[in-house]
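S.K.: Next comes entry_24.json, JSON, C-alpha atoms:
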```
[["chain", "number", "residue", "atom", "x", "y", "z"],
["A", 1, "MET", "CA", 33.15, 22.95, 0.43],
["A", 2, "GLU", "CA", 31.25, 20.40, 2.45],
["A", 3, "HIS", "CA", 32.27, 19.86, 6.08],
["A", 4, "SER", "CA", 33.03, 16.18, 6.57],
["A", 5, "ASP", "CA", 34.22, 16.49, 10.16],
["A", 6, "GLN", "CA", 30.70, 16.93, 11.60],
["A", 7, "PRO", "CA", 29.32, 14.29, 14.01],
["A", 8, "LEU", "CA", 26.77, 11.88, 12.52],
["A", 9, "ASP", "CA", 23.91, 13.30, 14.61],
["A", 10, "SER", "CA", 24.69, 16.95, 13.76],
["A", 11, "GLY", "CA", 21.43, 17.28, 11.77],
["A", 12, "MET", "CA", 19.38, 15.77, 14.57],
["A", 13, "ALA", "CA", 17.73, 17.72, 17.34],
["A", 14, "PRO", "CA", 18.57, 17.03, 21.00],
["A", 15, "GLN", "CA", 15.87, 15.11, 22.90],
["A", 16, "SER", "CA", 14.83, 18.02, 25.16],
["A", 17, "GLN", "CA", 14.58, 20.37, 22.18],
["A", 18, "THR", "CA", 12.43, 17.79, 20.37],
["A", 19, "GLU", "CA", 10.05, 17.66, 23.33],
["A", 20, "ASP", "CA", 9.66, 21.45, 23.19],
["A", 21, "ARG", "CA", 9.34, 21.70, 19.43],
["A", 22, "LEU", "CA", 6.89, 18.84, 18.83],
["A", 23, "ARG", "CA", 3.68, 20.26, 20.23],
["A", 24, "ILE", "CA", 0.34, 18.52, 20.53],
["A", 25, "THR", "CA", -1.71, 20.78, 18.25],
["A", 26, "GLU", "CA", -5.49, 20.87, 18.04],
["A", 27, "ASN", "CA", -5.35, 18.79, 14.83],
["A", 28, "ILE", "CA", -3.23, 16.12, 16.51],
["A", 29, "ARG", "CA", -5.71, 16.00, 19.37],
["A", 30, "LEU", "CA", -8.50, 15.38, 16.84],
["A", 31, "TYR", "CA", -6.51, 12.59, 15.16],
["A", 32, "TRP", "CA", -5.74, 10.97, 18.50],
["A", 33, "ARG", "CA", -9.39, 11.23, 19.54],
["A", 34, "GLU", "CA", -10.61, 9.45, 16.43],
["A", 35, "ALA", "CA", -7.83, 6.83, 16.55],
["A", 36, "SER", "CA", -8.66, 6.08, 20.20],
["A", 37, "GLN", "CA", -12.35, 5.71, 19.32],
["A", 38, "TRP", "CA", -11.52, 3.20, 16.60],
["A", 39, "GLY", "CA", -9.17, 1.49, 19.08],
["A", 40, "MET", "CA", -12.04, 1.11, 21.53],
["A", 41, "PHE", "CA", -14.20, -0.28, 18.70],
["A", 42, "PHE", "CA", -11.56, -2.90, 17.81],
["A", 43, "SER", "CA", -11.15, -3.89, 21.45],
["A", 44, "ILE", "CA", -14.91, -4.26, 21.92],
["A", 45, "LEU", "CA", -14.99, -6.51, 18.83],
["A", 46, "GLY", "CA", -12.09, -8.54, 20.25],
["A", 47, "PHE", "CA", -13.80, -8.94, 23.63],
["A", 48, "THR", "CA", -17.04, -9.95, 21.88],
["A", 49, "TYR", "CA", -15.10, -12.58, 19.90],
["A", 50, "ILE", "CA", -13.53, -13.93, 23.11],
["A", 51, "GLY", "CA", -17.00, -13.96, 24.73],
["A", 52, "ILE", "CA", -18.42, -15.99, 21.83],
["A", 53, "LEU", "CA", -15.43, -18.34, 22.07],
["A", 54, "ILE", "CA", -15.92, -18.88, 25.83],
["A", 55, "THR", "CA", -19.68, -19.38, 25.36],
["A", 56, "GLY", "CA", -18.88, -21.95, 22.67],
["A", 57, "ILE", "CA", -16.51, -23.78, 24.98],
["A", 58, "MET", "CA", -19.08, -23.78, 27.80],
["A", 59, "LEU", "CA", -21.95, -24.94, 25.57],
["A", 60, "PHE", "CA", -20.14, -27.44, 23.38],
["A", 61, "GLY", "CA", -17.17, -28.23, 25.62],
["A", 62, "GLY", "CA", -18.38, -31.79, 26.15],
["A", 63, "TYR", "CA", -18.54, -32.51, 22.42],
["A", 64, "ARG", "CA", -15.69, -32.79, 20.00],
["A", 65, "VAL", "CA", -15.78, -29.99, 17.46],
["A", 66, "PRO", "CA", -13.85, -31.21, 14.40],
["A", 67, "GLY", "CA", -10.42, -29.57, 14.28],
["A", 68, "TYR", "CA", -10.99, -27.55, 17.44],
["A", 69, "SER", "CA", -10.18, -29.05, 20.82],
["A", 70, "ILE", "CA", -10.83, -27.06, 24.01],
["A", 71, "VAL", "CA", -7.08, -26.48, 24.35],
["A", 72, "THR", "CA", -6.96, -24.98, 20.84],
["A", 73, "LEU", "CA", -9.91, -22.71, 21.60],
["A", 74, "LEU", "CA", -8.38, -21.58, 24.90],
["A", 75, "LEU", "CA", -5.04, -20.92, 23.17],
["A", 76, "LEU", "CA", -6.82, -18.94, 20.45],
["A", 77, "GLY", "CA", -8.69, -16.95, 23.12],
["A", 78, "GLY", "CA", -5.42, -16.21, 24.92],
["A", 79, "ILE", "CA", -3.70, -15.06, 21.73],
["A", 80, "VAL", "CA", -6.64, -12.78, 20.89],
["A", 81, "PHE", "CA", -6.99, -11.45, 24.46],
["A", 82, "ILE", "CA", -3.53, -9.83, 24.79],
["A", 83, "PRO", "CA", -3.69, -7.56, 21.70],
["A", 84, "THR", "CA", -7.33, -6.78, 22.48],
["A", 85, "TRP", "CA", -6.40, -5.74, 26.01],
["A", 86, "LEU", "CA", -3.50, -3.59, 24.75],
["A", 87, "MET", "CA", -5.77, -1.91, 22.21],
["A", 88, "PHE", "CA", -8.32, -1.26, 24.95],
["A", 89, "GLN", "CA", -5.62, 0.26, 27.17],
["A", 90, "PHE", "CA", -4.48, 2.47, 24.28],
["A", 91, "GLY", "CA", -8.00, 3.72, 23.55],
["A", 92, "GLN", "CA", -8.91, 4.29, 27.19],
["A", 93, "ASN", "CA", -5.68, 6.07, 28.16],
["A", 94, "ILE", "CA", -5.64, 8.36, 25.12],
["A", 95, "ARG", "CA", -9.26, 9.34, 25.77],
["A", 96, "LYS", "CA", -8.40, 10.07, 29.40],
["A", 97, "ALA", "CA", -5.32, 12.05, 28.34],
["A", 98, "LEU", "CA", -7.33, 14.22, 25.96],
["A", 99, "ARG", "CA", -10.14, 14.74, 28.44],
["A", 100, "ASP", "CA", -7.95, 15.65, 31.44],
["A", 101, "ASN", "CA", -4.85, 16.98, 29.59],
["A", 102, "ASP", "CA", -2.97, 14.17, 31.29],
["A", 103, "THR", "CA", 0.50, 13.55, 29.83],
["A", 104, "ALA", "CA", 1.06, 10.49, 32.05],
["A", 105, "ALA", "CA", -2.11, 8.84, 30.68],
["A", 106, "ALA", "CA", -1.03, 9.65, 27.11],
["A", 107, "SER", "CA", 2.36, 8.12, 27.85],
["A", 108, "MET", "CA", 0.71, 4.94, 29.16],
["A", 109, "GLY", "CA", -1.54, 4.82, 26.09],
["A", 110, "PHE", "CA", 1.40, 5.02, 23.71],
["A", 111, "THR", "CA", 3.31, 2.43, 25.72],
["A", 112, "SER", "CA", 0.34, 0.08, 25.16],
["A", 113, "LEU", "CA", 0.42, 0.91, 21.45],
["A", 114, "ARG", "CA", 4.16, 0.18, 21.35],
["A", 115, "ARG", "CA", 3.62, -3.17, 23.10],
["A", 116, "LEU", "CA", 0.82, -3.99, 20.66],
["A", 117, "TYR", "CA", 3.07, -3.32, 17.66],
["A", 118, "GLN", "CA", 5.91, -5.31, 19.24],
["A", 119, "LEU", "CA", 3.58, -8.27, 19.92],
["A", 120, "ILE", "CA", 2.17, -8.28, 16.38],
["A", 121, "GLY", "CA", 5.67, -7.87, 14.96],
["A", 122, "ILE", "CA", 7.03, -10.80, 16.96],
["A", 123, "LEU", "CA", 4.03, -12.96, 15.93],
["A", 124, "VAL", "CA", 4.66, -12.07, 12.26],
["A", 125, "VAL", "CA", 8.37, -12.92, 12.58],
["A", 126, "PHE", "CA", 7.40, -16.25, 14.19],
["A", 127, "LEU", "CA", 4.92, -17.01, 11.39],
["A", 128, "LEU", "CA", 7.49, -16.12, 8.71],
["A", 129, "PHE", "CA", 10.03, -18.47, 10.30],
["A", 130, "LEU", "CA", 7.34, -21.17, 10.51],
["A", 131, "TYR", "CA", 6.54, -20.77, 6.80],
["A", 132, "VAL", "CA", 10.21, -20.95, 5.84],
["A", 133, "PHE", "CA", 10.69, -24.00, 8.10],
["A", 134, "LEU", "CA", 7.65, -25.79, 6.64],
["A", 135, "PHE", "CA", 8.76, -24.91, 3.11],
["A", 136, "LEU", "CA", 12.24, -26.33, 3.73],
["A", 137, "LEU", "CA", 10.72, -29.40, 5.41],
["A", 138, "GLY", "CA", 8.50, -29.92, 2.35],
["A", 139, "LEU", "CA", 11.53, -29.63, 0.05],
["A", 140, "LEU", "CA", 13.45, -32.15, 2.15],
["A", 141, "MET", "CA", 10.54, -34.61, 2.10],
["A", 142, "VAL", "CA", 10.17, -34.27, -1.69],
["A", 143, "GLY", "CA", 13.95, -34.67, -2.04],
["A", 144, "SER", "CA", 13.99, -37.84, 0.06],
["A", 145, "ASP", "CA", 11.14, -39.34, -2.08],
["A", 146, "ILE", "CA", 13.13, -38.74, -5.29],
["B", 1, "MET", "CA", 2.77, 38.34, 36.78],
["B", 2, "GLU", "CA", 1.28, 34.90, 36.26],
["B", 3, "SER", "CA", -1.81, 33.74, 38.08],
["B", 4, "LEU", "CA", -2.06, 30.36, 39.82],
["B", 5, "ASP", "CA", -4.50, 29.13, 37.18],
["B", 6, "GLU", "CA", -2.04, 29.87, 34.38],
["B", 7, "ASN", "CA", 0.66, 27.91, 36.19],
["B", 8, "PHE", "CA", -1.74, 25.02, 36.66],
["B", 9, "GLN", "CA", -2.72, 25.10, 32.99],
["B", 10, "ALA", "CA", 0.92, 25.11, 31.88],
["B", 11, "ALA", "CA", 1.76, 22.22, 34.16],
["B", 12, "GLY", "CA", -1.34, 20.23, 33.18],
["B", 13, "ASP", "CA", -1.08, 20.84, 29.44],
["B", 14, "LEU", "CA", -0.59, 17.82, 27.20],
["B", 15, "HIS", "CA", 2.96, 17.64, 25.88],
["B", 16, "CYS", "CA", 5.47, 15.16, 24.43],
["B", 17, "SER", "CA", 7.42, 13.38, 27.15],
["B", 18, "THR", "CA", 10.73, 11.52, 26.74],
["B", 19, "GLN", "CA", 8.91, 8.23, 27.33],
["B", 20, "MET", "CA", 6.44, 9.04, 24.54],
["B", 21, "LEU", "CA", 9.26, 9.84, 22.09],
["B", 22, "HIS", "CA", 10.95, 6.54, 22.98],
["B", 23, "ASP", "CA", 7.68, 4.61, 22.51],
["B", 24, "TRP", "CA", 6.96, 6.29, 19.15],
["B", 25, "GLN", "CA", 10.44, 5.46, 17.85],
["B", 26, "ILE", "CA", 10.02, 1.75, 18.69],
["B", 27, "THR", "CA", 6.44, 1.73, 17.39],
["B", 28, "ALA", "CA", 7.65, 3.31, 14.13],
["B", 29, "ARG", "CA", 10.35, 0.67, 13.72],
["B", 30, "TRP", "CA", 7.86, -2.20, 14.09],
["B", 31, "ALA", "CA", 5.26, -0.40, 11.95],
["B", 32, "ASN", "CA", 7.88, -0.03, 9.23],
["B", 33, "PHE", "CA", 8.71, -3.74, 9.39],
["B", 34, "LEU", "CA", 5.03, -4.74, 9.36],
["B", 35, "SER", "CA", 4.23, -2.48, 6.41],
["B", 36, "ILE", "CA", 7.14, -3.87, 4.35],
["B", 37, "ALA", "CA", 6.06, -7.45, 5.19],
["B", 38, "GLY", "CA", 2.53, -6.40, 4.17],
["B", 39, "PHE", "CA", 3.70, -4.99, 0.82],
["B", 40, "VAL", "CA", 5.53, -8.26, 0.06],
["B", 41, "LEU", "CA", 2.45, -10.31, 1.05],
["B", 42, "THR", "CA", 0.19, -8.13, -1.13],
["B", 43, "GLY", "CA", 2.61, -8.61, -4.04],
["B", 44, "PHE", "CA", 2.53, -12.40, -3.68],
["B", 45, "SER", "CA", -1.28, -12.35, -3.42],
["B", 46, "LEU", "CA", -1.46, -10.24, -6.57],
["B", 47, "LEU", "CA", 0.71, -12.76, -8.41],
["B", 48, "SER", "CA", -1.51, -15.68, -7.39],
["B", 49, "ILE", "CA", -4.83, -14.00, -8.22],
["B", 50, "GLY", "CA", -4.77, -15.21, -11.87],
["B", 51, "SER", "CA", -5.08, -18.79, -10.68],
["B", 52, "ILE", "CA", -8.56, -18.36, -9.13],
["B", 53, "PRO", "CA", -10.69, -18.84, -12.31],
["B", 54, "VAL", "CA", -8.39, -21.69, -13.41],
["B", 55, "MET", "CA", -8.83, -23.35, -10.02],
["B", 56, "PHE", "CA", -12.63, -23.19, -10.21],
["B", 57, "GLU", "CA", -12.61, -24.57, -13.79],
["B", 58, "MET", "CA", -10.35, -27.39, -12.62],
["B", 59, "PHE", "CA", -12.73, -28.27, -9.77],
["B", 60, "SER", "CA", -15.67, -28.48, -12.22],
["B", 61, "ALA", "CA", -13.63, -30.53, -14.70],
["B", 62, "MET", "CA", -12.66, -32.95, -11.94],
["B", 63, "GLY", "CA", -16.34, -33.44, -11.14],
["B", 64, "ILE", "CA", -16.03, -32.27, -7.54],
["B", 65, "GLU", "CA", -19.55, -31.74, -6.21],
["B", 66, "SER", "CA", -20.05, -29.31, -3.39],
["B", 67, "PRO", "CA", -23.03, -27.03, -2.68],
["B", 68, "TYR", "CA", -20.61, -24.23, -1.76],
["B", 69, "LEU", "CA", -18.76, -24.61, -5.07],
["B", 70, "ASP", "CA", -22.09, -24.57, -6.95],
["B", 71, "ALA", "CA", -23.10, -21.42, -5.10],
["B", 72, "LEU", "CA", -19.84, -19.63, -5.93],
["B", 73, "LEU", "CA", -19.36, -20.87, -9.54],
["B", 74, "PRO", "CA", -21.51, -18.18, -11.28],
["B", 75, "TYR", "CA", -19.61, -15.46, -9.40],
["B", 76, "VAL", "CA", -15.98, -16.41, -10.15],
["B", 77, "ARG", "CA", -15.26, -13.25, -12.16],
["B", 78, "LEU", "CA", -16.98, -11.11, -9.55],
["B", 79, "LEU", "CA", -14.99, -12.89, -6.84],
["B", 80, "THR", "CA", -11.71, -12.16, -8.68],
["B", 81, "VAL", "CA", -12.60, -8.46, -8.99],
["B", 82, "GLY", "CA", -13.62, -8.45, -5.31],
["B", 83, "ILE", "CA", -10.26, -9.93, -4.28],
["B", 84, "LEU", "CA", -8.45, -7.35, -6.43],
["B", 85, "ILE", "CA", -10.33, -4.53, -4.68],
["B", 86, "ALA", "CA", -9.59, -6.14, -1.29],
["B", 87, "LEU", "CA", -5.88, -6.29, -2.18],
["B", 88, "GLY", "CA", -5.98, -2.62, -3.20],
["B", 89, "LEU", "CA", -7.50, -1.70, 0.16],
["B", 90, "GLN", "CA", -4.97, -3.90, 1.95],
["B", 91, "PHE", "CA", -2.21, -2.03, 0.10],
["B", 92, "MET", "CA", -3.70, 1.28, 1.27],
["B", 93, "LEU", "CA", -3.60, 0.05, 4.89],
["B", 94, "TYR", "CA", 0.09, -0.83, 4.60],
["B", 95, "LEU", "CA", 0.80, 2.46, 2.84],
["B", 96, "TYR", "CA", -0.77, 4.47, 5.68],
["B", 97, "GLN", "CA", 1.25, 2.41, 8.16],
["B", 98, "PHE", "CA", 4.46, 2.94, 6.19],
["B", 99, "ARG", "CA", 3.86, 6.70, 5.93],
["B", 100, "PHE", "CA", 3.09, 6.91, 9.66],
["B", 101, "ALA", "CA", 6.30, 5.04, 10.49],
["B", 102, "SER", "CA", 8.58, 7.07, 8.25],
["B", 103, "LEU", "CA", 7.02, 10.45, 9.15],
["B", 104, "ILE", "CA", 7.13, 9.88, 12.91],
["B", 105, "ARG", "CA", 10.80, 8.82, 12.68],
["B", 106, "LYS", "CA", 11.74, 11.81, 10.54],
["B", 107, "SER", "CA", 9.76, 14.26, 12.67],
["B", 108, "ILE", "CA", 11.59, 13.14, 15.82],
["B", 109, "GLN", "CA", 14.94, 13.04, 14.04],
["B", 110, "PHE", "CA", 14.66, 16.49, 12.41],
["B", 111, "ASN", "CA", 12.36, 18.09, 14.97],
["B", 112, "ASP", "CA", 9.75, 18.89, 12.32],
["B", 113, "ALA", "CA", 6.29, 19.86, 13.63],
["B", 114, "GLU", "CA", 4.62, 19.64, 10.20],
["B", 115, "MET", "CA", 5.82, 16.07, 9.64],
["B", 116, "PHE", "CA", 4.75, 15.22, 13.18],
["B", 117, "GLU", "CA", 1.18, 16.39, 12.52],
["B", 118, "ASN", "CA", 1.11, 14.60, 9.16],
["B", 119, "ALA", "CA", 2.29, 11.37, 10.82],
["B", 120, "TRP", "CA", -0.72, 11.39, 13.16],
["B", 121, "LEU", "CA", -3.00, 12.11, 10.21],
["B", 122, "GLN", "CA", -1.68, 8.93, 8.57],
["B", 123, "PHE", "CA", -2.18, 7.04, 11.83],
["B", 124, "ARG", "CA", -5.79, 8.27, 12.05],
["B", 125, "ASN", "CA", -6.35, 7.28, 8.40],
["B", 126, "LEU", "CA", -4.93, 3.82, 9.12],
["B", 127, "PHE", "CA", -7.31, 3.25, 12.03],
["B", 128, "ARG", "CA", -10.27, 4.75, 10.15],
["B", 129, "LEU", "CA", -9.75, 2.57, 7.07],
["B", 130, "ALA", "CA", -9.16, -0.53, 9.20],
["B", 131, "GLY", "CA", -12.36, 0.19, 11.15],
["B", 132, "ILE", "CA", -14.51, 0.76, 8.07],
["B", 133, "LEU", "CA", -13.09, -2.41, 6.47],
["B", 134, "THR", "CA", -13.81, -4.40, 9.63],
["B", 135, "ILE", "CA", -17.46, -3.24, 9.67],
["B", 136, "PHE", "CA", -17.75, -4.04, 5.94],
["B", 137, "LEU", "CA", -16.19, -7.50, 6.41],
["B", 138, "ILE", "CA", -18.58, -8.35, 9.24],
["B", 139, "LEU", "CA", -21.52, -7.36, 7.00],
["B", 140, "VAL", "CA", -20.11, -9.41, 4.07],
["B", 141, "TYR", "CA", -19.59, -12.40, 6.38],
["B", 142, "LEU", "CA", -23.16, -12.24, 7.68],
["B", 143, "THR", "CA", -24.67, -11.74, 4.19],
["B", 144, "THR", "CA", -22.61, -14.58, 2.68],
["B", 145, "SER", "CA", -23.53, -16.90, 5.56],
["B", 146, "VAL", "CA", -27.25, -16.19, 5.06],
["B", 147, "TYR", "CA", -26.91, -16.65, 1.27],
["B", 148, "ILE", "CA", -25.07, -19.97, 1.53],
["B", 149, "PHE", "CA", -27.44, -21.21, 4.26],
["B", 150, "ASN", "CA", -30.46, -20.35, 2.06],
["B", 151, "PHE", "CA", -28.81, -21.95, -0.98],
["B", 152, "VAL", "CA", -28.11, -25.19, 0.89],
["B", 153, "ALA", "CA", -31.56, -25.16, 2.55],
["B", 154, "SER", "CA", -33.31, -24.63, -0.81],
["B", 155, "ARG", "CA", -31.65, -27.80, -2.11],
["B", 156, "ASN", "CA", -32.66, -29.74, 1.02],
["B", 157, "MET", "CA", -29.04, -30.55, 1.81],
["B", 158, "LEU", "CA", -29.16, -29.72, 5.48],
["B", 159, "TYR", "CA", -30.22, -33.15, 6.70]]
```
Written as structure tokens, how would this file's structure read?

M.R.:
Amino acid sequence: MEHSDQPLDSGMAPQSQTEDRLRITENIRLYWREASQWGMFFSILGFTYIGILITGIMLFGGYRVPGYSIVTLLLLGGIVFIPTWLMFQFGQNIRKALRDNDTAAASMGFTSLRRLYQLIGILVVFLLFLYVFLFLLGLLMVGSDI
Amino acid sequence: MESLDENFQAAGDLHCSTQMLHDWQITARWANFLSIAGFVLTGFSLLSIGSIPVMFEMFSAMGIESPYLDALLPYVRLLTVGILIALGLQFMLYLYQFRFASLIRKSIQFNDAEMFENAWLQFRNLFRLAGILTIFLILVYLTTSVYIFNFVASRNMLY
């Protein structure tokens, strides 16, 4: 007969036991190494994009680029900079952690990764709400015309 | 009896800290959300893909003249197949993300080392595929820009 009087977390391992059991194997180190290298690649691309954007603002700042004011470009640069910086932090810290066997650096790297995911997630939620809002606004406008 | 070096090695060895477990759990939650949003987006894109050839035919029927439209018109079918492949690759990206999220959560929950290793394999695959796609997209962007520039220049439409 099944025991129904067990606590909900009976199948789960305690935190300290999890730390002991989940070891960083040689394979995991290889996966982290490659992921951090790709992370560095993405961040370099992001920084290059920001560099091109800043050069564009400096060269053509005096002229009006259709659809793109300086404020828009600066805003775009700011939005791109934060995830790029977090990705760079992730790549750099994980590389350092693997090189020096530094758990603190690995921890900082994964905190950057967590922040990156949170930021992208919040941006996606914002965009979804914006789409829904614009869709409802469109429906209201069509409704008022009829 | 342990030597000083062994003690140093044990202390300096890379291991999972409480902070790391906490970060992975939150990362997995957001990764799960993002992958589900991605699956839905891919589904909607797949539904709308049939309208591409119709759209191009409509533009021609309406008599809209654009050098870019002229350049793309012979390749509508190829473009549709290209978008289908791109959607397939996009689906793969979300799948890797979804697997990473679910495996990392389960490995922490059930203390499973095999799942833990597999989760990082999925994470590596996600970054690898995203990196290769980024390089490919940059190359496609550059090639298409050169092609369109040449097409427009050959028709003396620049000035």

S.K.: Show me a table, sorted first by chain and then by increasing residue number, of the residues of chain B having an atom at most 8 Å from chain A, each with its shortest atom pair and the distance in Å to one decimal, counting only C-alpha atoms and written as a tab-separated table.

M.R.:
```
residue	atom	partner	partner_atom	distance
B:Gly12	CA	A:Asn101	CA	6.0
B:Asp13	CA	A:Asn101	CA	5.4
B:Leu14	CA	A:Asn101	CA	5.0
B:His15	CA	A:Ile24	CA	6.0
B:Cys16	CA	A:Glu19	CA	5.3
B:Ser17	CA	A:Glu19	CA	6.3
B:Thr18	CA	A:Glu19	CA	7.1
B:Gln19	CA	A:Ser107	CA	6.6
B:Met20	CA	A:Ser107	CA	5.3
B:Leu21	CA	A:Glu19	CA	8.0
B:Asp23	CA	A:Arg114	CA	5.8
B:Trp24	CA	A:Arg114	CA	7.1
B:Ile26	CA	A:Arg114	CA	6.6
B:Thr27	CA	A:Arg114	CA	4.8
B:Trp30	CA	A:Tyr117	CA	6.1
B:Ala31	CA	A:Tyr117	CA	6.8
B:Phe33	CA	A:Gly121	CA	7.6
B:Leu34	CA	A:Gly121	CA	6.4
B:Ile108	CA	A:Thr18	CA	6.6
B:Gln109	CA	A:Met12	CA	5.2
B:Phe110	CA	A:Met12	CA	5.2
B:Asn111	CA	A:Thr18	CA	5.4
B:Asp112	CA	A:Leu22	CA	7.1
B:Ala113	CA	A:Leu22	CA	5.3
B:Phe116	CA	A:Leu22	CA	7.0
B:Glu117	CA	A:Ile28	CA	6.0
B:Trp120	CA	A:Tyr31	CA	6.2
B:Leu121	CA	A:Tyr31	CA	6.1
B:Phe123	CA	A:Ala35	CA	7.4
B:Arg124	CA	A:Ala35	CA	5.1
B:Phe127	CA	A:Ala35	CA	5.8
B:Arg128	CA	A:Trp38	CA	6.8
B:Gly131	CA	A:Trp38	CA	6.3
```

S.K.: Could you take the residues named above and write them with C-alpha atoms, as a compact mmCIF listing (two decimals), in the coordinates of the input?

M.R.:
```txt
# COMPACT_ATOMS: atom_id res chain seq x y z
CA GLY B 12 -1.34 20.23 33.18
CA ASP B 13 -1.08 20.84 29.44
CA LEU B 14 -0.59 17.82 27.20
CA HIS B 15 2.96 17.64 25.88
CA CYS B 16 5.47 15.16 24.43
CA SER B 17 7.42 13.38 27.15
CA THR B 18 10.73 11.52 26.74
CA GLN B 19 8.91 8.23 27.33
CA MET B 20 6.44 9.04 24.54
CA LEU B 21 9.26 9.84 22.09
CA ASP B 23 7.68 4.61 22.51
CA TRP B 24 6.96 6.29 19.15
CA ILE B 26 10.02 1.75 18.69
CA THR B 27 6.44 1.73 17.39
CA TRP B 30 7.86 -2.20 14.09
CA ALA B 31 5.26 -0.40 11.95
CA PHE B 33 8.71 -3.74 9.39
CA LEU B 34 5.03 -4.74 9.36
CA ILE B 108 11.59 13.14 15.82
CA GLN B 109 14.94 13.04 14.04
CA PHE B 110 14.66 16.49 12.41
CA ASN B 111 12.36 18.09 14.97
CA ASP B 112 9.75 18.89 12.32
CA ALA B 113 6.29 19.86 13.63
CA PHE B 116 4.75 15.22 13.18
CA GLU B 117 1.18 16.39 12.52
CA TRP B 120 -0.72 11.39 13.16
CA LEU B 121 -3.00 12.11 10.21
CA PHE B 123 -2.18 7.04 11.83
CA ARG B 124 -5.79 8.27 12.05
CA PHE B 127 -7.31 3.25 12.03
CA ARG B 128 -10.27 4.75 10.15
CA GLY B 131 -12.36 0.19 11.15
```

S.K.: Using all atoms listed in the file, find the one residue out of B:Asn150, B:Ser48, B:Gln25, B:Asn125 that sits nearest to Leu93 of chain B.

M.R.: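 Closest residue, counting all atoms listed in the file: B:Asn125.
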
S.K.: Which residue gives the smallest distance to Val152 of chain B among B:Gly43, B:Pro67, B:Ala61, B:Leu133, with only C-alpha atoms counted?

M.R.: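 Residue with the minimum atom-to-atom distance to Val152 of chain B: B:Pro67.
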
S.K.: Under the rule that all atoms listed in the file are counted, which of B:Phe39, B:Ser107, B:Phe56, B:Leu129 is the nearest residue to Tyr75 of chain B?

M.R.: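 Smallest separation from Tyr75 of chain B among the options: B:Phe56.
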
S.K.: Report the distance between atom CA of Thr134 of chain B and atom CA of Ala28 of chain B in Å, rounded to one decimal place.

M.R.: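 Separation between atom CA of Thr134 of chain B and atom CA of Ala28 of chain B: 23.2 Å.
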
S.K.: What's around Val76 of chain B at 9 Å? Count all atoms listed in the file, leave out sequence neighbours fewer than 5 positions away in its own chain, and write the answer as a list in words.

M.R.: Ile52, Pro53, Phe56 and Val81 of chain B

S.K.: So that I can see what lies close to Tyr96 of chain B, please list as a list in words the residues with an atom at most 6 Å from it, counting all atoms listed in the file and leaving out residues fewer than 3 positions away in the same chain.

M.R.: Leu93, Arg99, Gln122 and Leu126 of chain B

S.K.: So how many Å separate atom CA of Leu89 of chain B and atom CA of Leu86 of chain A, to one decimal?

M.R.: 25.0 Å
